[in-house]
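Listing of structure_27.tsv; format and content: TSV, C-alpha atoms.
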chain	number	residue	atom	x	y	z
A	53	ALA	CA	94.30	93.94	96.43
A	54	ILE	CA	93.64	97.49	95.23
A	55	THR	CA	95.37	99.93	97.60
A	56	ALA	CA	94.67	103.35	96.04
A	57	ILE	CA	92.23	104.76	93.48
A	58	ARG	CA	92.61	108.27	92.08
A	59	PHE	CA	90.93	110.23	89.30
A	60	CYS	CA	93.06	112.61	87.28
A	61	ILE	CA	92.18	116.29	87.68
A	62	ASP	CA	89.89	116.49	84.63
A	63	GLY	CA	88.18	113.18	85.51
A	64	ASP	CA	88.92	111.52	82.16
A	65	LEU	CA	91.14	108.79	83.62
A	66	VAL	CA	91.08	106.79	86.82
A	67	ALA	CA	94.08	104.87	88.10
A	68	ALA	CA	94.05	101.99	90.56
A	69	ALA	CA	97.28	100.93	92.30
A	70	SER	CA	97.55	97.39	93.57
A	71	HIS	CA	99.61	95.17	95.82
A	72	ASN	CA	100.71	93.16	92.78
A	73	GLY	CA	102.73	96.20	91.65
A	74	SER	CA	100.46	97.15	88.76
A	75	ILE	CA	98.60	100.36	87.99
A	76	TYR	CA	95.35	99.85	86.09
A	77	LEU	CA	94.17	102.82	83.99
A	78	TYR	CA	90.58	103.26	82.88
A	79	LYS	CA	89.08	105.82	80.52
A	80	VAL	CA	85.98	107.43	82.02
A	81	SER	CA	82.99	108.39	79.85
A	82	ARG	CA	79.27	109.11	80.08
A	83	ASP	CA	79.70	111.27	83.19
A	84	GLY	CA	81.36	108.45	85.13
A	85	PHE	CA	78.89	105.70	84.22
A	86	SER	CA	81.21	103.94	81.79
A	87	TYR	CA	84.81	102.76	82.27
A	88	LYS	CA	86.97	101.22	79.57
A	89	LYS	CA	90.39	99.72	80.22
A	90	HIS	CA	92.99	102.17	78.94
A	91	GLY	CA	96.20	100.46	80.00
A	92	LYS	CA	98.17	98.58	82.59
A	93	ILE	CA	101.56	99.57	83.96
A	94	THR	CA	103.58	96.95	85.80
A	95	GLY	CA	106.37	97.86	88.18
A	96	GLY	CA	106.79	94.84	90.41
A	97	GLN	CA	106.65	96.51	93.85
A	98	LEU	CA	103.73	96.35	96.28
A	99	LEU	CA	102.08	99.77	95.83
A	100	SER	CA	100.46	101.65	98.69
A	101	HIS	CA	99.90	105.26	97.50
A	102	LEU	CA	99.15	106.97	94.17
A	103	ASP	CA	98.99	110.63	93.08
A	104	TRP	CA	98.35	112.42	89.76
A	105	ASP	CA	100.12	115.58	88.65
A	106	GLU	CA	98.20	118.70	87.55
A	107	SER	CA	98.62	117.93	83.83
A	108	SER	CA	97.20	114.39	84.21
A	109	GLU	CA	100.26	113.15	82.34
A	110	TYR	CA	102.25	111.69	85.25
A	111	MET	CA	101.59	109.67	88.38
A	112	GLN	CA	103.75	109.05	91.42
A	113	THR	CA	103.45	105.91	93.50
A	114	CYS	CA	104.92	104.80	96.79
A	115	SER	CA	105.54	101.16	97.54
A	116	THR	CA	105.06	99.44	100.88
A	117	ASP	CA	108.83	99.64	101.40
A	118	TYR	CA	108.77	103.43	100.73
A	119	ASN	CA	110.25	103.51	97.25
A	120	ILE	CA	108.85	106.27	95.06
A	121	ASN	CA	108.37	105.79	91.32
A	122	PHE	CA	107.04	108.02	88.57
A	123	TRP	CA	104.90	106.89	85.65
A	124	ASN	CA	103.88	108.40	82.32
A	125	ALA	CA	100.17	107.79	81.81
A	126	ASN	CA	100.39	108.49	78.06
A	127	SER	CA	103.11	105.94	77.32
A	128	ASN	CA	102.23	103.54	80.17
A	129	ARG	CA	105.88	103.44	81.21
A	130	MET	CA	107.97	104.18	84.27
A	131	GLU	CA	110.02	107.37	84.14
A	132	LYS	CA	113.64	106.30	84.50
A	133	VAL	CA	114.89	109.71	85.71
A	134	GLY	CA	112.55	110.83	88.48
A	135	SER	CA	114.46	114.05	89.14
A	136	ILE	CA	113.01	115.60	85.96
A	137	LEU	CA	109.64	115.61	87.76
A	138	ARG	CA	110.94	117.30	90.90
A	139	GLU	CA	109.03	120.53	90.28
A	140	LYS	CA	105.72	118.83	89.44
A	141	VAL	CA	102.72	119.83	91.51
A	142	TRP	CA	100.74	116.79	92.59
A	143	VAL	CA	96.96	117.22	92.72
A	144	ASN	CA	96.65	115.46	96.05
A	145	GLN	CA	99.96	114.50	97.65
A	146	THR	CA	99.35	111.25	99.53
A	147	CYS	CA	102.72	109.59	98.91
A	148	PRO	CA	104.64	109.79	102.20
A	149	VAL	CA	107.97	110.13	100.38
A	150	GLY	CA	109.01	112.77	97.87
A	151	TRP	CA	110.89	116.03	97.52
A	152	ALA	CA	108.12	118.24	98.93
A	153	VAL	CA	107.70	116.11	102.07
A	154	ALA	CA	111.33	115.12	102.74
A	155	GLY	CA	111.42	117.20	105.95
A	156	LEU	CA	108.79	114.94	107.52
A	157	TRP	CA	111.36	112.17	107.78
A	158	ASN	CA	114.00	112.22	110.56
A	159	ASN	CA	112.78	115.56	111.83
A	160	HIS	CA	115.07	116.61	114.69
A	161	ASN	CA	112.08	117.80	116.76
A	162	TYR	CA	110.27	114.42	116.90
A	163	HIS	CA	110.25	112.55	120.20
A	164	ASP	CA	111.26	109.21	118.67
A	165	ASP	CA	112.29	107.77	115.36
A	166	THR	CA	109.15	107.43	113.35
A	167	THR	CA	107.86	105.99	110.11
A	168	ILE	CA	105.41	108.18	108.22
A	169	SER	CA	102.37	106.09	107.25
A	170	SER	CA	100.02	108.68	105.72
A	171	VAL	CA	100.23	112.17	104.22
A	172	ASN	CA	97.78	114.68	102.82
A	173	VAL	CA	98.37	118.20	101.50
A	174	SER	CA	95.75	120.93	101.93
A	175	GLN	CA	93.84	122.23	98.90
A	176	ASN	CA	95.62	125.61	99.24
A	177	LEU	CA	99.01	123.81	99.12
A	178	ASP	CA	100.16	125.53	102.32
A	179	LEU	CA	99.84	122.74	104.93
A	180	VAL	CA	100.74	119.07	105.05
A	181	ALA	CA	99.32	116.63	107.57
A	182	SER	CA	101.28	113.47	108.33
A	183	GLY	CA	100.45	110.43	110.41
A	184	ASP	CA	102.94	107.90	111.68
A	185	THR	CA	103.16	104.35	112.97
A	186	ALA	CA	103.34	105.58	116.59
A	187	GLY	CA	99.88	107.20	116.38
A	188	TYR	CA	100.90	110.87	116.00
A	189	VAL	CA	99.32	113.36	113.61
A	190	ARG	CA	101.48	116.36	112.72
A	191	LEU	CA	100.59	119.54	110.86
A	192	THR	CA	103.46	121.29	109.06
A	193	ARG	CA	103.90	124.01	106.43
A	194	TYR	CA	104.04	122.75	102.84
A	195	PRO	CA	106.42	122.09	101.20
A	196	THR	CA	108.37	120.57	104.09
A	197	ILE	CA	111.96	120.17	103.00
A	198	ASN	CA	113.91	121.05	106.16
A	199	PRO	CA	114.33	118.23	108.74
A	200	LYS	CA	114.10	120.93	111.45
A	201	ALA	CA	110.65	122.10	110.33
A	202	GLU	CA	108.31	123.13	113.12
A	203	PHE	CA	104.96	121.40	113.52
A	204	GLN	CA	101.88	120.97	115.67
A	205	GLU	CA	101.22	117.42	116.84
A	206	SER	CA	98.61	115.34	118.58
A	207	LYS	CA	98.84	111.75	119.80
A	208	LEU	CA	95.69	110.02	118.55
A	209	THR	CA	96.19	106.35	119.08
A	210	SER	CA	98.69	103.72	120.11
A	211	ASN	CA	98.73	102.33	116.58
A	212	GLU	CA	99.35	103.52	113.05
A	213	VAL	CA	97.51	106.50	111.59
A	214	SER	CA	96.34	104.80	108.42
A	215	ALA	CA	94.82	107.67	106.41
A	216	MET	CA	94.05	111.39	106.51
A	217	LYS	CA	92.27	113.91	104.33
A	218	PHE	CA	91.63	117.66	104.39
A	219	PHE	CA	88.07	118.83	103.69
A	220	TYR	CA	87.50	120.51	100.31
A	221	ASP	CA	87.83	123.97	101.95
A	222	ASP	CA	90.69	123.04	104.33
A	223	SER	CA	88.47	123.76	107.35
A	224	TYR	CA	88.89	120.28	108.83
A	225	LEU	CA	91.28	117.34	108.77
A	226	VAL	CA	90.03	113.78	109.21
A	227	ALA	CA	92.40	111.01	110.31
A	228	THR	CA	91.82	107.30	110.84
A	229	SER	CA	93.64	104.67	112.84
A	230	GLY	CA	93.84	101.31	111.16
A	231	PHE	CA	93.86	98.72	113.92
A	232	GLU	CA	91.55	100.47	116.38
A	233	GLY	CA	89.16	101.75	113.72
A	234	GLY	CA	89.09	105.28	115.17
A	235	ILE	CA	88.04	108.32	113.15
A	236	PHE	CA	89.30	111.72	114.30
A	237	LYS	CA	88.25	115.17	113.07
A	238	PHE	CA	90.33	118.33	113.64
A	239	ARG	CA	89.23	121.89	112.96
A	240	ILE	CA	91.92	123.87	111.12
A	241	LEU	CA	92.15	127.44	112.40
What would you get if you wrote out this structure as structure tokens?
Amino acid sequence: AITAIRFCIDGDLVAAASHNGSIYLYKVSRDGFSYKKHGKITGGQLLSHLDWDESSEYMQTCSTDYNINFWNANSNRMEKVGSILREKVWVNQTCPVGWAVAGLWNNHNYHDDTTISSVNVSQNLDLVASGDTAGYVRLTRYPTINPKAEFQESKLTSNEVSAMKFFYDDSYLVATSGFEGGIFKFRIL
């Protein structure tokens, strides 16, 4: 099953992450009407999230057991030393683990222990929204490195917040709950 599809920033490549642990790369041409297989990267873990960096050279993925891996799209290989990519800016941070979102985990101000299920960073790179398995949506400053970071929260559902996305102009945030099928829209002031 395909779990994430992302275009690189210039739109020349599209990557599809799958539950079989592979990333399928396609070259895009004719204004998006033609796709040609460009490569396949196999990592072996069930992938759940995928992000491109600003240069369209690297991707980061998160597996279903919250392992983060980095991939070179030019060589179709995994980067063995992920720390060299620590300062990379990701076009659309959706991976719930990583250096810039480490403060979302085990935050001392949360009511309970929580597992982050979805993340999205605003277009201005100043806010990060996170959803968890307990049904909370939290809005925090980005990057969020400190586990004592302050946040605004709202309890949406009794189940997992499965996805979230800021509007193109950061005026709204949309969140969905997986099991209940709810769609929630928040105005960002």
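With distances restricted to only C-alpha atoms, A:Ala186 is the closest residue to His163 (chain A) from A:Ile120, A:Ala181, A:Ala186, A:Cys60.
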Legend entry - Which residue of A:Met111, A:Leu156, A:Ile54, A:Leu177 approaches Asp222 (chain A) most closely, using all atoms listed in the file: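 When distances to Asp222 (chain A) are compared using all atoms listed in the file, the smallest one comes from A:Leu177.
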Inset, instruction - Please provide the set of residues having any atom within 10 Å of region 145-153 of chain A, restricted to all atoms listed in the file, with same-chain residues fewer than 5 positions apart removed, written as a PyMOL selection string. - result: chain A and resi 56+100-105+112-115+118-121+135+137-140+167-175+177+180-184+192-199+215-217
At a cut-off of 10 Å, using all atoms listed in the file, what residues contact Glu232 (chain A)? Leave out same-chain residues fewer than 2 positions from it and give the result as a compact mmCIF listing (two decimals) with C-alpha atoms, keeping the file's coordinate frame.
# COMPACT_ATOMS: atom_id res chain seq x y z
CA THR A 209 96.19 106.35 119.08
CA SER A 210 98.69 103.72 120.11
CA ASN A 211 98.73 102.33 116.58
CA GLU A 212 99.35 103.52 113.05
CA VAL A 213 97.51 106.50 111.59
CA THR A 228 91.82 107.30 110.84
CA SER A 229 93.64 104.67 112.84
CA GLY A 230 93.84 101.31 111.16
CA GLY A 234 89.09 105.28 115.17
CA ILE A 235 88.04 108.32 113.15
Inset, instruction - For each of A:Lys132, A:Ser86, A:Gln97, A:Ile61, take the minimum atom-to-atom distance to Glu109 (chain A), counting all atoms listed in the file, then give the residue where this is smallest. - result: A:Ile61
Inset, instruction - Would you mind telling me which residue in A:Ala125, A:Val189, A:Ala201, A:Leu241 lies nearest to Asn161 (chain A) when using all atoms listed in the file? - result: A:Ala201
Inset, instruction - Would you kindly return, as a VMD selection string, each protein, DNA or RNA residue with an atom no farther than 8 Å from any atom of Glu131 (chain A), considering only C-alpha atoms and excluding same-chain residues fewer than 6 positions away? - result: chain A and resid 121 to 124
Inset, instruction - Go ahead and compute the interatomic distance for CA of Ser127 (chain A) and CA of Ile75 (chain A), in Å to one decimal. - result: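 Straight-line distance from CA of Ser127 (chain A) to CA of Ile75 (chain A) works out to 12.9 Å.
Here CA of Arg129 (chain A) and CA of Ile93 (chain A) stand 6.4 Å from one another.
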Inset, instruction - Could you jot down the CA of Leu191 (chain A) to CA of Phe203 (chain A) separation for me, Å, one decimal place? - result: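 Here the two named atoms are 5.4 Å from each other.
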Inset, instruction - May I ask which of the residues A:Phe59, A:Phe218, A:Phe238, A:Trp142 is the closest one to Leu179 (chain A), counting only C-alpha atoms? - result: A:Phe218
Inset, instruction - Within 10 Å of Leu65 (chain A), counting all atoms listed in the file, which residues show up once you throw out same-chain ones fewer than 5 positions away? Write them as a list of chain:residue names, please. - result: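 Selected residues are A:Arg58, A:Phe59, A:Cys60, A:Leu77, A:Tyr78, A:Lys79, A:Val80, A:Ser81, A:Gly84, A:Tyr87, A:Lys88, A:Lys89, A:His90, A:Ser108, A:Ala125.
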Edge lengths and centre in Å, axis-aligned, region 115-124 of chain A plus 6 Å each side, as JSON:
{"center_x": 107.1, "center_y": 103.9, "center_z": 91.9, "size_x": 18.4, "size_y": 21.0, "size_z": 31.1}
Starting from the incomplete input, reconstruct N, CA, C and O atoms of region 134-147 of chain A and write that as an mmCIF file, keeping the file's coordinate frame.
data_model
loop_
_atom_site.group_PDB
_atom_site.id
_atom_site.type_symbol
_atom_site.label_atom_id
_atom_site.label_comp_id
_atom_site.auth_asym_id
_atom_site.auth_seq_id
_atom_site.Cartn_x
_atom_site.Cartn_y
_atom_site.Cartn_z
ATOM 1 N N GLY A 134 113.582 110.166 87.705
ATOM 2 C CA GLY A 134 112.550 110.830 88.480
ATOM 3 C C GLY A 134 112.832 112.281 88.790
ATOM 4 O O GLY A 134 111.921 113.071 88.992
ATOM 5 N N SER A 135 114.105 112.672 88.792
ATOM 6 C CA SER A 135 114.460 114.050 89.140
ATOM 7 C C SER A 135 113.907 115.071 88.143
ATOM 8 O O SER A 135 113.754 116.233 88.489
ATOM 9 N N ILE A 136 113.578 114.654 86.925
ATOM 10 C CA ILE A 136 113.010 115.600 85.960
ATOM 11 C C ILE A 136 111.601 116.036 86.379
ATOM 12 O O ILE A 136 111.100 117.045 85.903
ATOM 13 N N LEU A 137 110.985 115.283 87.294
ATOM 14 C CA LEU A 137 109.640 115.610 87.760
ATOM 15 C C LEU A 137 109.643 116.285 89.125
ATOM 16 O O LEU A 137 108.603 116.423 89.765
ATOM 17 N N ARG A 138 110.791 116.721 89.556
ATOM 18 C CA ARG A 138 110.940 117.300 90.900
ATOM 19 C C ARG A 138 110.049 118.503 91.140
ATOM 20 O O ARG A 138 109.535 118.698 92.232
ATOM 21 N N GLU A 139 109.820 119.304 90.138
ATOM 22 C CA GLU A 139 109.030 120.530 90.280
ATOM 23 C C GLU A 139 107.542 120.318 89.998
ATOM 24 O O GLU A 139 106.763 121.264 90.050
ATOM 25 N N LYS A 140 107.140 119.099 89.707
ATOM 26 C CA LYS A 140 105.720 118.830 89.440
ATOM 27 C C LYS A 140 104.875 119.105 90.671
ATOM 28 O O LYS A 140 105.285 118.858 91.793
ATOM 29 N N VAL A 141 103.687 119.623 90.432
ATOM 30 C CA VAL A 141 102.720 119.830 91.510
ATOM 31 C C VAL A 141 101.743 118.664 91.425
ATOM 32 O O VAL A 141 101.134 118.419 90.384
ATOM 33 N N TRP A 142 101.620 117.944 92.525
ATOM 34 C CA TRP A 142 100.740 116.790 92.590
ATOM 35 C C TRP A 142 99.371 117.235 93.090
ATOM 36 O O TRP A 142 99.269 118.007 94.031
ATOM 37 N N VAL A 143 98.326 116.772 92.426
ATOM 38 C CA VAL A 143 96.960 117.220 92.720
ATOM 39 C C VAL A 143 96.619 116.956 94.180
ATOM 40 O O VAL A 143 96.061 117.797 94.859
ATOM 41 N N ASN A 144 96.960 115.798 94.671
ATOM 42 C CA ASN A 144 96.650 115.460 96.050
ATOM 43 C C ASN A 144 97.793 114.592 96.581
ATOM 44 O O ASN A 144 97.768 113.380 96.414
ATOM 45 N N GLN A 145 98.779 115.212 97.163
ATOM 46 C CA GLN A 145 99.960 114.500 97.650
ATOM 47 C C GLN A 145 99.578 113.549 98.779
ATOM 48 O O GLN A 145 99.259 113.978 99.880
ATOM 49 N N THR A 146 99.585 112.260 98.496
ATOM 50 C CA THR A 146 99.350 111.250 99.530
ATOM 51 C C THR A 146 100.571 110.355 99.718
ATOM 52 O O THR A 146 100.626 109.631 100.706
ATOM 53 N N CYS A 147 101.503 110.390 98.779
ATOM 54 C CA CYS A 147 102.720 109.590 98.910
ATOM 55 C C CYS A 147 103.545 110.138 100.075
ATOM 56 O O CYS A 147 103.861 111.329 100.093
#
